>>> print(open('start_7.pdb').read())   # PDB, C-alpha atoms, pLDDT in the B column
ATOM      1  CA  ARG A   1      11.333  -3.888  40.121  1.00 66.00           C
ATOM      2  CA  LYS A   2      12.909  -2.616  36.922  1.00 77.00           C
ATOM      3  CA  GLU A   3      13.806   1.048  36.699  1.00 86.00           C
ATOM      4  CA  VAL A   4      11.978   1.359  33.407  1.00 90.00           C
ATOM      5  CA  GLU A   5       9.300  -0.917  32.048  1.00 91.00           C
ATOM      6  CA  GLN A   6       8.028  -0.913  28.510  1.00 92.00           C
ATOM      7  CA  ASP A   7       5.704  -3.197  26.607  1.00 86.00           C
ATOM      8  CA  PRO A   8       7.930  -4.974  24.042  1.00 82.00           C
ATOM      9  CA  GLY A   9       5.048  -5.447  21.622  1.00 82.00           C
ATOM     10  CA  PRO A  10       5.103  -6.174  18.779  1.00 87.00           C
ATOM     11  CA  PHE A  11       2.542  -3.679  17.631  1.00 92.00           C
ATOM     12  CA  ASN A  12       1.320  -4.371  14.113  1.00 95.00           C
ATOM     13  CA  VAL A  13      -0.828  -1.558  12.793  1.00 96.00           C
ATOM     14  CA  PRO A  14      -2.160  -0.611   9.357  1.00 97.00           C
ATOM     15  CA  GLU A  15      -0.968   2.479   7.571  1.00 97.00           C
ATOM     16  CA  GLY A  16      -2.779   5.567   8.745  1.00 97.00           C
ATOM     17  CA  ALA A  17      -3.529   4.169  12.183  1.00 97.00           C
ATOM     18  CA  THR A  18      -2.796   5.904  15.448  1.00 97.00           C
ATOM     19  CA  VAL A  19      -0.655   3.990  17.912  1.00 96.00           C
ATOM     20  CA  ALA A  20       0.525   4.781  21.422  1.00 95.00           C
ATOM     21  CA  PHE A  21       3.285   3.397  23.592  1.00 92.00           C
ATOM     22  CA  ASN A  22       3.793   3.834  27.302  1.00 94.00           C
ATOM     23  CA  CYS A  23       6.825   3.537  29.464  1.00 95.00           C
ATOM     24  CA  THR A  24       6.705   3.501  33.268  1.00 96.00           C
ATOM     25  CA  TYR A  25       9.576   4.434  35.544  1.00 95.00           C
ATOM     26  CA  SER A  26      10.103   3.592  39.193  1.00 94.00           C
ATOM     27  CA  ASN A  27      12.216   6.467  40.502  1.00 92.00           C
ATOM     28  CA  SER A  28      10.170   9.561  41.219  1.00 92.00           C
ATOM     29  CA  ALA A  29      13.376  11.625  41.221  1.00 90.00           C
ATOM     30  CA  SER A  30      13.951  10.968  37.511  1.00 89.00           C
ATOM     31  CA  GLN A  31      14.282  14.245  35.731  1.00 84.00           C
ATOM     32  CA  SER A  32      14.860  13.703  32.019  1.00 86.00           C
ATOM     33  CA  PHE A  33      12.916  11.580  29.590  1.00 90.00           C
ATOM     34  CA  PHE A  34      13.410  10.765  25.943  1.00 90.00           C
ATOM     35  CA  TRP A  35      12.073   8.633  23.151  1.00 94.00           C
ATOM     36  CA  TYR A  36      14.586   7.042  20.801  1.00 92.00           C
ATOM     37  CA  ARG A  37      13.994   5.172  17.594  1.00 94.00           C
ATOM     38  CA  GLN A  38      16.173   2.217  16.681  1.00 91.00           C
ATOM     39  CA  ASP A  39      16.229   0.479  13.338  1.00 90.00           C
ATOM     40  CA  CYS A  40      17.569  -3.042  13.088  1.00 84.00           C
ATOM     41  CA  ARG A  41      21.324  -3.269  13.751  1.00 80.00           C
ATOM     42  CA  LYS A  42      21.609   0.515  13.921  1.00 86.00           C
ATOM     43  CA  GLU A  43      22.299   2.894  16.755  1.00 87.00           C
ATOM     44  CA  PRO A  44      19.338   4.535  18.495  1.00 88.00           C
ATOM     45  CA  LYS A  45      18.422   7.956  17.196  1.00 89.00           C
ATOM     46  CA  LEU A  46      16.807  10.602  19.350  1.00 87.00           C
ATOM     47  CA  LEU A  47      13.194  10.994  18.338  1.00 92.00           C
ATOM     48  CA  MET A  48      12.095  13.545  20.871  1.00 90.00           C
ATOM     49  CA  SER A  49      12.551  14.744  24.391  1.00 87.00           C
ATOM     50  CA  VAL A  50       9.603  14.573  26.738  1.00 91.00           C
ATOM     51  CA  TYR A  51       8.688  17.737  28.569  1.00 84.00           C
ATOM     52  CA  SER A  52       6.400  18.138  31.535  1.00 85.00           C
ATOM     53  CA  SER A  53       3.962  20.170  29.478  1.00 86.00           C
ATOM     54  CA  GLY A  54       3.925  17.620  26.688  1.00 87.00           C
ATOM     55  CA  ASN A  55       5.337  18.249  23.264  1.00 91.00           C
ATOM     56  CA  GLU A  56       4.444  17.583  19.689  1.00 93.00           C
ATOM     57  CA  ASP A  57       6.549  17.185  16.576  1.00 92.00           C
ATOM     58  CA  GLY A  58       4.486  16.612  13.483  1.00 95.00           C
ATOM     59  CA  ARG A  59       2.725  13.283  13.825  1.00 97.00           C
ATOM     60  CA  PHE A  60       4.465  12.498  17.100  1.00 97.00           C
ATOM     61  CA  THR A  61       3.293  13.569  20.531  1.00 96.00           C
ATOM     62  CA  ALA A  62       5.130  12.858  23.761  1.00 96.00           C
ATOM     63  CA  GLN A  63       3.696  13.277  27.229  1.00 96.00           C
ATOM     64  CA  LEU A  64       4.917  12.939  30.773  1.00 95.00           C
ATOM     65  CA  ASN A  65       2.730  12.011  33.696  1.00 95.00           C
ATOM     66  CA  ARG A  66       4.741  12.499  36.853  1.00 94.00           C
ATOM     67  CA  ALA A  67       1.920  11.536  39.194  1.00 94.00           C
ATOM     68  CA  SER A  68       1.635   8.098  37.631  1.00 95.00           C
ATOM     69  CA  GLN A  69       5.288   7.972  36.612  1.00 95.00           C
ATOM     70  CA  TYR A  70       4.969   7.203  32.966  1.00 95.00           C
ATOM     71  CA  ILE A  71       5.756   8.733  29.618  1.00 96.00           C
ATOM     72  CA  SER A  72       3.909   8.126  26.407  1.00 96.00           C
ATOM     73  CA  LEU A  73       4.501   8.404  22.700  1.00 97.00           C
ATOM     74  CA  LEU A  74       1.619   8.815  20.270  1.00 97.00           C
ATOM     75  CA  ILE A  75       2.091   8.361  16.546  1.00 97.00           C
ATOM     76  CA  ARG A  76      -0.704   9.550  14.299  1.00 97.00           C
ATOM     77  CA  ASP A  77      -1.252   8.623  10.660  1.00 97.00           C
ATOM     78  CA  SER A  78       1.339   5.843  10.797  1.00 97.00           C
ATOM     79  CA  LYS A  79       3.652   5.471   7.825  1.00 97.00           C
ATOM     80  CA  LEU A  80       5.499   2.390   6.648  1.00 97.00           C
ATOM     81  CA  SER A  81       8.708   4.199   7.499  1.00 96.00           C
ATOM     82  CA  ASP A  82       7.661   4.390  11.142  1.00 97.00           C
ATOM     83  CA  SER A  83       8.365   0.666  11.493  1.00 96.00           C
ATOM     84  CA  ALA A  84      11.147   0.432  14.068  1.00 94.00           C
ATOM     85  CA  THR A  85      11.784  -0.193  17.733  1.00 92.00           C
ATOM     86  CA  TYR A  86      10.981   2.701  20.023  1.00 94.00           C
ATOM     87  CA  LEU A  87      12.993   2.995  23.205  1.00 92.00           C
ATOM     88  CA  CYS A  88      12.238   5.161  26.181  1.00 93.00           C
ATOM     89  CA  VAL A  89      15.148   6.533  28.153  1.00 89.00           C
ATOM     90  CA  VAL A  90      14.937   7.849  31.683  1.00 89.00           C
ATOM     91  CA  ILE A  91      17.734   9.772  33.319  1.00 84.00           C
ATOM     92  CA  THR A  92      18.105  10.008  37.074  1.00 81.00           C
ATOM     93  CA  GLY A  93      21.002  12.003  38.435  1.00 72.00           C
ATOM     94  CA  ALA A  94      24.109  12.814  36.444  1.00 62.00           C
ATOM     95  CA  ASN A  95      24.872   9.459  34.903  1.00 62.00           C
ATOM     96  CA  ASN A  96      22.067   7.072  35.697  1.00 73.00           C
ATOM     97  CA  LEU A  97      20.454   6.261  32.381  1.00 76.00           C
ATOM     98  CA  PHE A  98      17.893   3.556  32.011  1.00 83.00           C
ATOM     99  CA  PHE A  99      16.509   2.153  28.805  1.00 84.00           C
ATOM    100  CA  GLY A 100      13.180   0.491  28.317  1.00 87.00           C
ATOM    101  CA  THR A 101      13.210  -2.844  26.538  1.00 84.00           C
ATOM    102  CA  GLY A 102      11.909  -1.175  23.409  1.00 89.00           C
ATOM    103  CA  THR A 103       8.576  -1.545  21.653  1.00 91.00           C
ATOM    104  CA  ARG A 104       8.616  -3.006  18.180  1.00 91.00           C
ATOM    105  CA  LEU A 105       6.267  -1.347  15.754  1.00 94.00           C
ATOM    106  CA  THR A 106       5.427  -2.707  12.327  1.00 95.00           C
ATOM    107  CA  VAL A 107       3.237  -0.630  10.055  1.00 97.00           C
ATOM    108  CA  ILE A 108       1.469  -2.802   7.519  1.00 96.00           C
ATOM    109  CA  PRO A 109       0.492  -1.595   4.039  1.00 94.00           C
TER     110      PRO A 109
ATOM    111  CA  GLY B   1      26.146  18.377  16.183  1.00 58.00           C
ATOM    112  CA  ALA B   2      28.242  16.157  18.343  1.00 62.00           C
ATOM    113  CA  VAL B   3      29.428  12.963  16.688  1.00 84.00           C
ATOM    114  CA  VAL B   4      30.674   9.718  18.121  1.00 90.00           C
ATOM    115  CA  SER B   5      32.709   7.512  15.846  1.00 93.00           C
ATOM    116  CA  GLN B   6      32.812   3.799  16.546  1.00 95.00           C
ATOM    117  CA  HIS B   7      34.823   1.189  14.695  1.00 94.00           C
ATOM    118  CA  PRO B   8      35.053  -1.390  13.447  1.00 96.00           C
ATOM    119  CA  SER B   9      31.462  -1.628  12.306  1.00 94.00           C
ATOM    120  CA  ARG B  10      31.737  -5.355  11.867  1.00 95.00           C
ATOM    121  CA  VAL B  11      34.229  -7.941  12.970  1.00 96.00           C
ATOM    122  CA  ILE B  12      34.376 -11.688  12.551  1.00 96.00           C
ATOM    123  CA  CYS B  13      36.910 -13.554  14.632  1.00 95.00           C
ATOM    124  CA  LYS B  14      37.840 -17.005  15.773  1.00 95.00           C
ATOM    125  CA  SER B  15      36.972 -18.252  19.212  1.00 96.00           C
ATOM    126  CA  GLY B  16      39.673 -17.426  21.742  1.00 96.00           C
ATOM    127  CA  THR B  17      40.900 -14.246  20.114  1.00 96.00           C
ATOM    128  CA  SER B  18      40.536 -10.753  21.538  1.00 96.00           C
ATOM    129  CA  VAL B  19      38.706  -7.947  19.812  1.00 97.00           C
ATOM    130  CA  LYS B  20      39.085  -4.241  20.453  1.00 97.00           C
ATOM    131  CA  ILE B  21      36.331  -1.766  19.702  1.00 97.00           C
ATOM    132  CA  GLU B  22      37.040   1.966  19.681  1.00 96.00           C
ATOM    133  CA  CYS B  23      34.689   4.800  20.377  1.00 95.00           C
ATOM    134  CA  ARG B  24      35.787   8.378  19.729  1.00 93.00           C
ATOM    135  CA  SER B  25      34.043  11.655  20.370  1.00 88.00           C
ATOM    136  CA  LEU B  26      34.865  13.870  17.415  1.00 87.00           C
ATOM    137  CA  ASP B  27      33.925  17.367  18.479  1.00 79.00           C
ATOM    138  CA  PHE B  28      33.408  17.285  22.203  1.00 79.00           C
ATOM    139  CA  GLN B  29      35.004  15.990  25.340  1.00 81.00           C
ATOM    140  CA  ALA B  30      33.337  12.786  26.422  1.00 81.00           C
ATOM    141  CA  THR B  31      33.620  12.795  30.167  1.00 80.00           C
ATOM    142  CA  THR B  32      31.455   9.709  30.393  1.00 83.00           C
ATOM    143  CA  MET B  33      31.177   6.802  27.994  1.00 88.00           C
ATOM    144  CA  PHE B  34      28.634   4.012  28.132  1.00 90.00           C
ATOM    145  CA  TRP B  35      29.002   0.595  26.571  1.00 94.00           C
ATOM    146  CA  TYR B  36      25.979  -1.478  25.634  1.00 92.00           C
ATOM    147  CA  ARG B  37      25.339  -4.893  24.218  1.00 93.00           C
ATOM    148  CA  GLN B  38      22.297  -5.887  22.247  1.00 90.00           C
ATOM    149  CA  PHE B  39      21.329  -9.413  21.311  1.00 88.00           C
ATOM    150  CA  PRO B  40      18.941  -9.982  18.407  1.00 82.00           C
ATOM    151  CA  LYS B  41      15.419  -8.771  19.097  1.00 75.00           C
ATOM    152  CA  GLN B  42      16.372  -7.608  22.560  1.00 78.00           C
ATOM    153  CA  SER B  43      16.885  -4.199  24.073  1.00 77.00           C
ATOM    154  CA  LEU B  44      20.123  -2.407  24.717  1.00 82.00           C
ATOM    155  CA  MET B  45      21.747  -3.687  27.883  1.00 86.00           C
ATOM    156  CA  LEU B  46      24.179  -1.416  29.665  1.00 86.00           C
ATOM    157  CA  MET B  47      27.460  -3.197  30.287  1.00 92.00           C
ATOM    158  CA  ALA B  48      29.546  -0.516  31.930  1.00 92.00           C
ATOM    159  CA  THR B  49      30.006   3.170  32.498  1.00 89.00           C
ATOM    160  CA  SER B  50      33.429   4.712  32.245  1.00 88.00           C
ATOM    161  CA  ASN B  51      34.627   8.112  33.318  1.00 83.00           C
ATOM    162  CA  GLU B  52      37.799   9.537  31.864  1.00 80.00           C
ATOM    163  CA  GLY B  53      40.829   8.648  33.927  1.00 80.00           C
ATOM    164  CA  SER B  54      39.092   6.271  36.300  1.00 82.00           C
ATOM    165  CA  LYS B  55      38.080   2.642  36.351  1.00 86.00           C
ATOM    166  CA  ALA B  56      34.879   1.618  34.667  1.00 90.00           C
ATOM    167  CA  THR B  57      31.821   0.695  36.670  1.00 90.00           C
ATOM    168  CA  TYR B  58      30.397  -2.595  35.466  1.00 93.00           C
ATOM    169  CA  GLU B  59      26.808  -3.673  35.632  1.00 90.00           C
ATOM    170  CA  GLN B  60      25.913  -6.777  37.558  1.00 89.00           C
ATOM    171  CA  GLY B  61      26.672  -9.920  35.615  1.00 92.00           C
ATOM    172  CA  VAL B  62      29.251  -8.321  33.310  1.00 94.00           C
ATOM    173  CA  GLU B  63      32.732  -9.770  33.761  1.00 93.00           C
ATOM    174  CA  LYS B  64      35.208  -6.936  34.039  1.00 92.00           C
ATOM    175  CA  ASP B  65      38.152  -9.210  33.261  1.00 94.00           C
ATOM    176  CA  LYS B  66      36.510 -10.306  30.047  1.00 96.00           C
ATOM    177  CA  PHE B  67      35.279  -6.936  28.878  1.00 96.00           C
ATOM    178  CA  LEU B  68      38.161  -4.544  29.403  1.00 95.00           C
ATOM    179  CA  ILE B  69      37.272  -0.894  29.168  1.00 94.00           C
ATOM    180  CA  ASN B  70      39.813   1.845  28.886  1.00 90.00           C
ATOM    181  CA  HIS B  71      38.909   5.534  28.915  1.00 88.00           C
ATOM    182  CA  ALA B  72      42.323   7.097  28.985  1.00 81.00           C
ATOM    183  CA  SER B  73      41.455  10.339  27.244  1.00 87.00           C
ATOM    184  CA  LEU B  74      38.480  12.636  26.922  1.00 85.00           C
ATOM    185  CA  THR B  75      37.926  11.589  23.328  1.00 89.00           C
ATOM    186  CA  LEU B  76      38.582   7.875  23.295  1.00 92.00           C
ATOM    187  CA  SER B  77      37.197   4.837  25.034  1.00 93.00           C
ATOM    188  CA  THR B  78      37.914   1.245  24.060  1.00 95.00           C
ATOM    189  CA  LEU B  79      36.189  -2.011  24.825  1.00 96.00           C
ATOM    190  CA  THR B  80      38.250  -5.170  24.474  1.00 97.00           C
ATOM    191  CA  VAL B  81      36.456  -8.490  24.417  1.00 97.00           C
ATOM    192  CA  THR B  82      39.107 -10.905  25.627  1.00 96.00           C
ATOM    193  CA  SER B  83      39.135 -14.562  24.613  1.00 96.00           C
ATOM    194  CA  ALA B  84      35.918 -14.135  22.699  1.00 96.00           C
ATOM    195  CA  HIS B  85      33.523 -17.045  22.422  1.00 95.00           C
ATOM    196  CA  PRO B  86      30.471 -17.575  20.203  1.00 95.00           C
ATOM    197  CA  GLU B  87      28.156 -16.515  23.024  1.00 95.00           C
ATOM    198  CA  ASP B  88      29.844 -13.094  22.952  1.00 96.00           C
ATOM    199  CA  SER B  89      28.532 -12.547  19.426  1.00 96.00           C
ATOM    200  CA  SER B  90      26.381  -9.476  19.688  1.00 95.00           C
ATOM    201  CA  PHE B  91      25.900  -5.865  18.657  1.00 94.00           C
ATOM    202  CA  TYR B  92      28.007  -3.546  20.798  1.00 96.00           C
ATOM    203  CA  ILE B  93      27.272   0.186  20.945  1.00 94.00           C
ATOM    204  CA  CYS B  94      28.945   3.008  22.787  1.00 93.00           C
ATOM    205  CA  SER B  95      27.444   6.306  23.751  1.00 89.00           C
ATOM    206  CA  ALA B  96      28.894   9.427  25.260  1.00 86.00           C
ATOM    207  CA  ARG B  97      27.960  12.425  27.306  1.00 78.00           C
ATOM    208  CA  GLY B  98      30.301  15.333  27.506  1.00 67.00           C
ATOM    209  CA  THR B  99      31.207  18.912  28.033  1.00 58.00           C
ATOM    210  CA  GLY B 100      32.825  21.599  25.989  1.00 49.00           C
ATOM    211  CA  VAL B 101      30.130  21.852  23.370  1.00 45.00           C
ATOM    212  CA  THR B 102      26.806  23.564  23.277  1.00 43.00           C
ATOM    213  CA  PHE B 103      24.158  21.027  22.512  1.00 43.00           C
ATOM    214  CA  SER B 104      21.883  22.408  19.895  1.00 40.00           C
ATOM    215  CA  THR B 105      19.130  20.116  21.017  1.00 41.00           C
ATOM    216  CA  ASN B 106      18.228  18.663  24.335  1.00 43.00           C
ATOM    217  CA  GLU B 107      19.999  15.487  23.320  1.00 50.00           C
ATOM    218  CA  LYS B 108      21.786  13.922  26.229  1.00 59.00           C
ATOM    219  CA  LEU B 109      23.364  10.940  24.555  1.00 73.00           C
ATOM    220  CA  PHE B 110      25.408  10.569  21.421  1.00 83.00           C
ATOM    221  CA  PHE B 111      25.693   7.064  20.079  1.00 88.00           C
ATOM    222  CA  GLY B 112      28.345   5.368  18.028  1.00 91.00           C
ATOM    223  CA  SER B 113      27.128   3.449  15.007  1.00 91.00           C
ATOM    224  CA  GLY B 114      27.683   0.075  16.652  1.00 93.00           C
ATOM    225  CA  THR B 115      29.898  -2.945  16.101  1.00 96.00           C
ATOM    226  CA  GLN B 116      28.510  -6.298  15.053  1.00 95.00           C
ATOM    227  CA  LEU B 117      30.756  -8.965  16.544  1.00 96.00           C
ATOM    228  CA  SER B 118      30.552 -12.509  15.239  1.00 96.00           C
ATOM    229  CA  VAL B 119      32.691 -15.127  16.939  1.00 96.00           C
ATOM    230  CA  LEU B 120      33.103 -18.366  15.032  1.00 95.00           C
TER     231      LEU B 120
END
>>> encode(input="start_7.pdb", output="structure tokens")
Amino acid sequence: RKEVEQDPGPFNVPEGATVAFNCTYSNSASQSFFWYRQDCRKEPKLLMSVYSSGNEDGRFTAQLNRASQYISLLIRDSKLSDSATYLCVVITGANNLFFGTGTRLTVIP
Amino acid sequence: GAVVSQHPSRVICKSGTSVKIECRSLDFQATTMFWYRQFPKQSLMLMATSNEGSKATYEQGVEKDKFLINHASLTLSTLTVTSAHPEDSSFYICSARGTGVTFSTNEKLFFGSGTQLSVL
């Protein structure tokens, strides 16, 4: 079983739509969780950390469900500029980082 | 914030040649460097983890004699693709974690800008 599993998509949504991605992880001892955004042929950029209590940054909301071992990212009022690949990252221990496969999002005018 | 510089950003080479990619941490000590490879429309795949002053730990399926990693100092790690072949054409990215700097965010990883390798 993979350490981190993520639906690769693609997700094609119209502008203004709300879209959500999930990422499941297998190791219950994982302690840090992040969402990264990656544009084509660019390095991933940190979008937001995921806290146990959930956190929101503008149109983006991240949540952690430890009982079911998944994290989620919700994007409201999608913009064309949100089109990218969204990667979840799970950290277990000091140097065990695991990436999801990435979910491709395309926002359509 | 912390910055990781990676170069070259793009390299085109002939089959059989070796290519070196450098990754430098500019304002912090990178105790651990990670090297990834990404094929088109696929996710980042971790190739190896290197700690300063010790041998790199390679992921299963990654040939250590082909992908030589050197992490001789706290600010520099290099990846050398030896005897490159067309199937090695890919996007290579490094990332670093370190000490000696206060992270202004909760960011754990700092990425280089990537190297697009094309082997003819």
>>> axis_aligned_box(input="start_7.pdb", around="segment 16-28 of chain A", padding_each_side="4 Å", output="JSON")
{"center_x": 4.3, "center_y": 6.5, "center_z": 25.0, "size_x": 23.7, "size_y": 14.2, "size_z": 40.5}
>>> resolve_selection(input="start_7.pdb", expression="the PyMOL selection byres ((chain A and resi 41) around 9)", output="PDB file with C-alpha atoms, in the coordinates of the input")
ATOM      1  CA  GLN A  38      16.173   2.217  16.681  1.00 91.00           C
ATOM      2  CA  ASP A  39      16.229   0.479  13.338  1.00 90.00           C
ATOM      3  CA  CYS A  40      17.569  -3.042  13.088  1.00 84.00           C
ATOM      4  CA  LYS A  42      21.609   0.515  13.921  1.00 86.00           C
ATOM      5  CA  GLU A  43      22.299   2.894  16.755  1.00 87.00           C
TER       6      GLU A  43
ATOM      7  CA  GLN B  38      22.297  -5.887  22.247  1.00 90.00           C
ATOM      8  CA  PRO B  40      18.941  -9.982  18.407  1.00 82.00           C
ATOM      9  CA  PHE B  91      25.900  -5.865  18.657  1.00 94.00           C
ATOM     10  CA  SER B 113      27.128   3.449  15.007  1.00 91.00           C
ATOM     11  CA  GLY B 114      27.683   0.075  16.652  1.00 93.00           C
ATOM     12  CA  THR B 115      29.898  -2.945  16.101  1.00 96.00           C
ATOM     13  CA  GLN B 116      28.510  -6.298  15.053  1.00 95.00           C
TER      14      GLN B 116
END
>>> interface_residues(input="start_7.pdb", of="chain B", to="chain A", cutoff="10 Å", atoms="only C-alpha atoms", output="PyMOL selection string")
chain B and resi 32-34+38-46+49+51+90-95+97+105-116
>>> resolve_selection(input="start_7.pdb", expression="the PyMOL selection byres ((chain A and resi 63) around 9)", output="list in words")
Val50, Tyr51, Ser52, Ser53, Gly54, Asn55, Glu56, Thr61, Ala62, Leu64, Asn65, Tyr70, Ile71, Ser72, Leu73 and Leu74 of chain A
>>> write_last_selection(input="start_7.pdb", atoms="C-alpha atoms", output="compact mmCIF listing (two decimals), keeping the file's coordinate frame")
# COMPACT_ATOMS: atom_id res chain seq x y z
CA VAL A 50 9.60 14.57 26.74
CA TYR A 51 8.69 17.74 28.57
CA SER A 52 6.40 18.14 31.54
CA SER A 53 3.96 20.17 29.48
CA GLY A 54 3.92 17.62 26.69
CA ASN A 55 5.34 18.25 23.26
CA GLU A 56 4.44 17.58 19.69
CA THR A 61 3.29 13.57 20.53
CA ALA A 62 5.13 12.86 23.76
CA LEU A 64 4.92 12.94 30.77
CA ASN A 65 2.73 12.01 33.70
CA TYR A 70 4.97 7.20 32.97
CA ILE A 71 5.76 8.73 29.62
CA SER A 72 3.91 8.13 26.41
CA LEU A 73 4.50 8.40 22.70
CA LEU A 74 1.62 8.82 20.27
>>> resolve_selection(input="start_7.pdb", expression="the PyMOL selection byres ((chain A and resi 2) around 9)", output="count of residues only")
6
>>> residues_around(input="start_7.pdb", residues="Ser118 of chain B", least_positions_apart="4", cutoff="10 Å", atoms="all atoms listed in the file", output="list in words")
Arg10, Val11, Ile12, Cys13, Lys14, Ser15, Ala84, His85, Pro86, Glu87, Asp88, Ser89, Ser90 and Phe91 of chain B
>>> closest_residue(input="start_7.pdb", among="A:Thr18, A:Gln6, A:Ser28, A:Asn12", to="Phe60 of chain A", atoms="only C-alpha atoms")
A:Thr18
>>> residues_near_point(input="start_7.pdb", point="(13.0, -0.4, 8.5)", cutoff="9 Å", atoms="all atoms listed in the file", output="JSON, numbers by chain")
{"A": [39, 40, 80, 81, 82, 83, 84, 106]}
>>> closest_residue(input="start_7.pdb", among="B:Met47, B:Leu120, B:Ile21, B:Val3", to="Trp35 of chain B", atoms="only C-alpha atoms")
B:Met47
>>> residues_around(input="start_7.pdb", residues="Asp77 of chain A", least_positions_apart="6", cutoff="9 Å", atoms="all atoms listed in the file", output="list in words")
Glu15, Gly16, Ala17, Thr18, Val19 and Arg59 of chain A
>>> atom_distance(input="start_7.pdb", atom1="atom CA of Phe21 of chain A", atom2="atom CA of Glu59 of chain B")
27.4 Å
>>> decode(input="start_7.pdb", residues="segment 52-67 of chain B", atoms="N, CA and C atoms", output="PDB file, in the first residue's frame")
ATOM      1  N   GLU B  52      24.465  15.599   4.842  1.00  0.00           N
ATOM      2  CA  GLU B  52      25.798  16.164   4.699  1.00  0.00           C
ATOM      3  C   GLU B  52      26.844  15.252   5.317  1.00  0.00           C
ATOM      4  N   GLY B  53      27.857  14.946   4.519  1.00  0.00           N
ATOM      5  CA  GLY B  53      28.981  14.163   5.007  1.00  0.00           C
ATOM      6  C   GLY B  53      28.780  12.667   5.019  1.00  0.00           C
ATOM      7  N   SER B  54      27.634  12.198   4.567  1.00  0.00           N
ATOM      8  CA  SER B  54      27.427  10.748   4.542  1.00  0.00           C
ATOM      9  C   SER B  54      26.884  10.327   3.187  1.00  0.00           C
ATOM     10  N   LYS B  55      26.861   9.038   2.961  1.00  0.00           N
ATOM     11  CA  LYS B  55      26.395   8.531   1.676  1.00  0.00           C
ATOM     12  C   LYS B  55      24.891   8.730   1.537  1.00  0.00           C
ATOM     13  N   ALA B  56      24.479   8.915   0.302  1.00  0.00           N
ATOM     14  CA  ALA B  56      23.058   9.101   0.041  1.00  0.00           C
ATOM     15  C   ALA B  56      22.304   7.786   0.191  1.00  0.00           C
ATOM     16  N   THR B  57      21.062   7.906   0.544  1.00  0.00           N
ATOM     17  CA  THR B  57      20.169   6.748   0.617  1.00  0.00           C
ATOM     18  C   THR B  57      19.272   6.782  -0.598  1.00  0.00           C
ATOM     19  N   TYR B  58      19.358   5.750  -1.428  1.00  0.00           N
ATOM     20  CA  TYR B  58      18.625   5.721  -2.680  1.00  0.00           C
ATOM     21  C   TYR B  58      17.315   4.964  -2.521  1.00  0.00           C
ATOM     22  N   GLU B  59      16.325   5.430  -3.243  1.00  0.00           N
ATOM     23  CA  GLU B  59      15.054   4.735  -3.265  1.00  0.00           C
ATOM     24  C   GLU B  59      15.169   3.475  -4.135  1.00  0.00           C
ATOM     25  N   GLN B  60      14.292   2.565  -3.871  1.00  0.00           N
ATOM     26  CA  GLN B  60      14.297   1.311  -4.626  1.00  0.00           C
ATOM     27  C   GLN B  60      14.129   1.595  -6.112  1.00  0.00           C
ATOM     28  N   GLY B  61      14.958   0.952  -6.904  1.00  0.00           N
ATOM     29  CA  GLY B  61      14.869   1.106  -8.348  1.00  0.00           C
ATOM     30  C   GLY B  61      15.733   2.216  -8.911  1.00  0.00           C
ATOM     31  N   VAL B  62      16.374   2.993  -8.059  1.00  0.00           N
ATOM     32  CA  VAL B  62      17.260   4.067  -8.523  1.00  0.00           C
ATOM     33  C   VAL B  62      18.701   3.572  -8.447  1.00  0.00           C
ATOM     34  N   GLU B  63      19.396   3.596  -9.573  1.00  0.00           N
ATOM     35  CA  GLU B  63      20.756   3.075  -9.629  1.00  0.00           C
ATOM     36  C   GLU B  63      21.734   4.082  -9.043  1.00  0.00           C
ATOM     37  N   LYS B  64      22.358   3.718  -7.960  1.00  0.00           N
ATOM     38  CA  LYS B  64      23.268   4.654  -7.297  1.00  0.00           C
ATOM     39  C   LYS B  64      24.535   4.909  -8.104  1.00  0.00           C
ATOM     40  N   ASP B  65      24.921   3.941  -8.944  1.00  0.00           N
ATOM     41  CA  ASP B  65      26.121   4.146  -9.757  1.00  0.00           C
ATOM     42  C   ASP B  65      25.839   5.020 -10.972  1.00  0.00           C
ATOM     43  N   LYS B  66      24.579   5.183 -11.283  1.00  0.00           N
ATOM     44  CA  LYS B  66      24.211   6.012 -12.422  1.00  0.00           C
ATOM     45  C   LYS B  66      23.898   7.446 -11.971  1.00  0.00           C
ATOM     46  N   PHE B  67      23.288   7.533 -10.827  1.00  0.00           N
ATOM     47  CA  PHE B  67      22.913   8.844 -10.292  1.00  0.00           C
ATOM     48  C   PHE B  67      23.772   9.095  -9.045  1.00  0.00           C
TER      49      PHE B  67
END
